[in-house]
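**Q** Provided herewith is a single structure, encoded as structure tokens, for subsequent inquiry.
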There are 2 protein chains.
Amino acid sequence: MAQKPSIPKGTRDFAPLEMARRNYIFDTIKSVFSLYGFQQIETPAMENLSTLMGKYGEEGDKLLFKILNSGDWKRSLDTESLAGASIGALTNKVSEKGLRYDLTVPFARFVVQHREDIQFPFKRYQIQPVWRADRPQKGRYREFYQCDVDVVGTNSLLSEVELMQIVEAVYRRLGIRVSLHVNNRKILAGIAEVIGQPERMVDITVAIDKLDKIGIDNVNNELLEKGLPEASVVALQPILQLSGTNAEKLDQLENILASSETGLKGIDELRTIFALYADSTQDGDMTTYEPSGMQIELDLCLARGLNYYTGAIFEVKALDVQMGSITGGGRYDNLTGIFGLPNVSGVGISFGADRIYDVLTELNLYPENLQSTTELLFASFGEAELLYALRWAKVLRDKGLCVEVYPEPAKMKKQMSYADSKKIPYVAIVGGDEMAANKVMLKDMVTGSQRLVSMDELLSKM
Amino acid sequence: MAQKPSIPKGTRDFAPLEMARRNYIFDTIKSVFSLYGFQQIETPAMENLSTLMGKYGEEGDKLLFKILNSGDWKRSLDTESLAGASIGALTNKVSEKGLRYDLTVPFARFVVQHREDIQFPFKRYQIQPVWRADRPQKGRYREFYQCDVDVVGTNSLLSEVELMQIVEAVYRRLGIRVSLHVNNRKILAGIAEVIGQPERMVDITVAIDKLDKIGIDNVNNELLEKGLPEASVVALQPILQLSGTNAEKLDQLENILASSETGLKGIDELRTIFALYADSTQDGDMTTYEPSGMQIELDLCLARGLNYYTGAIFEVKALDVQMGSITGGGRYDNLTGIFGLPNVSGVGISFGADRIYDVLTELNLYPENLQSTTELLFASFGEAELLYALRWAKVLRDKGLCVEVYPEPAKMKKQMSYADSKKIPYVAIVGGDEMAANKVMLKDMVTGSQRLVSMDELLSKM
């Protein structure tokens, strides 16, 4: 026998149970998106490399899966170019398309390309796989789904608030207790300003983003190593150690950032967002977790690596599981600028389906009946019984019931074990006696009890 | 301003309306699959080229999109190989993965790879995009969705019958009148036998597959050109000209194929399938279209190009639109044999989502309310009104209503035109008077009428 076939490293097959669980997550998320008027779009798996290259940094360019040009791609190579050229230059000669790396850049491309047909503010969601040639490891795949929801074409902070409500609603429906971490890029810019290092905002945010993981001493060391003056690192300390409620933190921060117009703008934005969210949800105290609510935490260590964020930024963490962020996003002022359409502000978040899957699995939060939609299996003792079952099945399906007919009069044990493995709750056994009586023997697969029933009885039972 | 960005030739963006229509098709198909106990799986977009190559013929190999290996792919090339080697050999050096070309081969790979975990008969469906480097043209794309449903692990003809029932149910729900063309590969083999050309079955079926398109004279010419003796072509004529009901055709065919055991087996299979289908649906006359039924036609010219079919084959045509086949499939006895697992018989069909989309569009059969799920838009005259609207919206959404709040107190005309373009049926206008009265001005966007309503009145209205 030939070697067992396999799939590429870092990719996955999804069997029926895994699919049912994934669909449960996607359907829950979609139903909440719909409540808020978001509409679905899809973009092609392949984008022109001119769309993708240069959007994810140098490292990102390397992680793009590139499609070999069709036909005689070697024609565009010659022995000289092969010997002399860099791998990047050569790749450009043999490949002009790549697989999408995220949903954000294709969305920006979509908005610019179709701007005449789009009614702004444009509220869209998109749930599709993305591909990255990353080194696969536990929880990191080369193909995975992203689940993005964005509003573009308005500066209104109401959009931030609605996204927070969406986060709350999704996790409430999934039964996952979460905390929403919020920060604002303008505050981070203000901090860089007041410690005298306005040009170093990226270095500073990258370092303090790691505070949770590596601790304050290591963050300080990293900043010094990166050439930040000691005075600036010292000036940063009170900010890293702010405490109290969100409102208290913002008050302290207002004093610290008093000299930074940008910083104060960021504080003002967060105050507005928190107030609108609290007001619209009648959730009085935002700093503690309520069974009906969601913990919201101003987290100055939250930076999010992506450079296109310009306002509020968000990350969601599950409270009862050790796991990285399961949702994240923020406000961007100029995402479509890279494609020549400036000044289209937007805000969006992305739900991490794979991590949500792991959280639900670890907390055992999936609904009971996900595995099988089949409510009843017909098991037959012979060919005539099979035909009888097929007729009954047609009637039940016309009434909307999900039923199966075991397709052969196999050994009854085999038919039962099929029902067992698919977790089908009822089996209708058909033999000569049942046919003669115009009935079936209905067996409850949980209790094991069985009784003879007519079609009417079966219909009322199911 | 930079050049407008674009997407690769032969690929498409799906805007909200297109997505809603596509989801309507997929949801309809899925709900029918569920009624019959089929479960969803998904496989990765990328497969190893060793899985894909050689499965679709030489032409197919060329149409596979191949992924350039990550890292320094040029290392595996040297100047000699570049000069001397064939493009195929070179491609193998720089690429080891490709995008899936259909769902059938990945499914066979899935069954073999996971056979220990699968309970047979395995009833699965799969709805995912596939990619082909074909020349794009009207109705032919380089990325398109397939929608496959298969039963593997049983020889039972009941599976064929259930697939026919599924076809009937799907098109009944979609409102498309269709005719189901049925043939059997064993009958085609029998025909090749009795005209004395058992080795030429493929040539013969390829030619007669074109009967509808090019006419009987051209089919005969093609057969002669391919070197079929004139006597064989003459012997074929009565078969090409069979007429009458399905039962009558099968009776005539039984005489013609009397000397072919395979041919008679094929006739027997079709008789069984037709009888089971007719019996289970109480559809007496299978040859005429009934409003509640589906026209079923024994079509000896139906061959289907794919060589893995071994029994019944199916194709569905829409009756009221000029369009190629919108669904097709058949029985295969050894699909998994290519991956080293012989003797796993199966039967499957594939729904062509893109063509179904076009049929529904041409016949104007989409439900009215697909475009927008939003039932109500709040339009506000000022910031305070916006906050008031946000509160009301929260209450309505908690009751399960899909509502939007226009995120800025923009000009009322702009807010109304947003509602218009999204086809939102009601707008709740909020000004100072409405707030003072703890009400909203509810405007019916169809009739234009408006009246002041309280929250309770709004809830009972919606």
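Naming scheme: A, B, ... for chains in displayed order of the structure tokens; residues 1 onward per chain; ligands 1 onward as shown.
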Could you give me the residues within stretch 164-238 of chain B that DSSP places in strand (DSSP E), as JSON, numbers by chain?
**A** {"B": [178, 179, 180, 181, 182, 183, 184]}
**Q** Residues of chain B within 7 Å of chain A, using only C-alpha atoms, as a PyMOL selection string?
**A** chain B and resi 1-2+4-8+11-16+19+34-37+39-44+47-48+65-68+70+72+79+87+109+113+119+133+156+158-159+280+339-340+373-374+390-391+394+397+400-404+407-408+418
**Q** Could you state the separation of atom CA of B:Tyr309 and atom CA of B:Gly348 in Å, given to one decimal place?
**A**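 These atoms are spaced 10.0 Å apart.
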**Q** Give me, please, the distance in Å between atom CA of B:Asp102 and atom CA of B:Thr310, quoted to one decimal.
**A**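 Taking atom CA of B:Asp102 as the start and atom CA of B:Thr310 as the end point, the length is 19.1 Å.
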**Q** Check the smallest atom-to-atom distance from each of A:Pro367, A:Gly139, A:Gly448, A:Gly328 to A:Ser350 using only C-alpha atoms, then report the winner.
**A**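 Looking at the shortest contact to A:Ser350, the residue is A:Gly328.
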**Q** Apply DSSP to the backbone of this structure and, from stretch 10-53 of chain B, keep only the residues in alpha helix (DSSP H); write these as an MDAnalysis selection string.
**A** chainID B and resid 16:35 49:52
**Q** Just want the 12 Å neighbourhood of A:Ser259, counted on only C-alpha atoms, with same-chain residues fewer than 6 positions away dropped. Output as a ChimeraX atom specification.
**A** /A:187,190-196,253,265
**Q** Go through B:Gln252, B:Gln197, B:Ser460, B:Thr245 and flag the residue nearest B:Ala231, using only C-alpha atoms for the distances.
**A**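 Checking each of B:Gln252, B:Gln197, B:Ser460, B:Thr245 against B:Ala231, counting only C-alpha atoms, the winner is B:Gln197.
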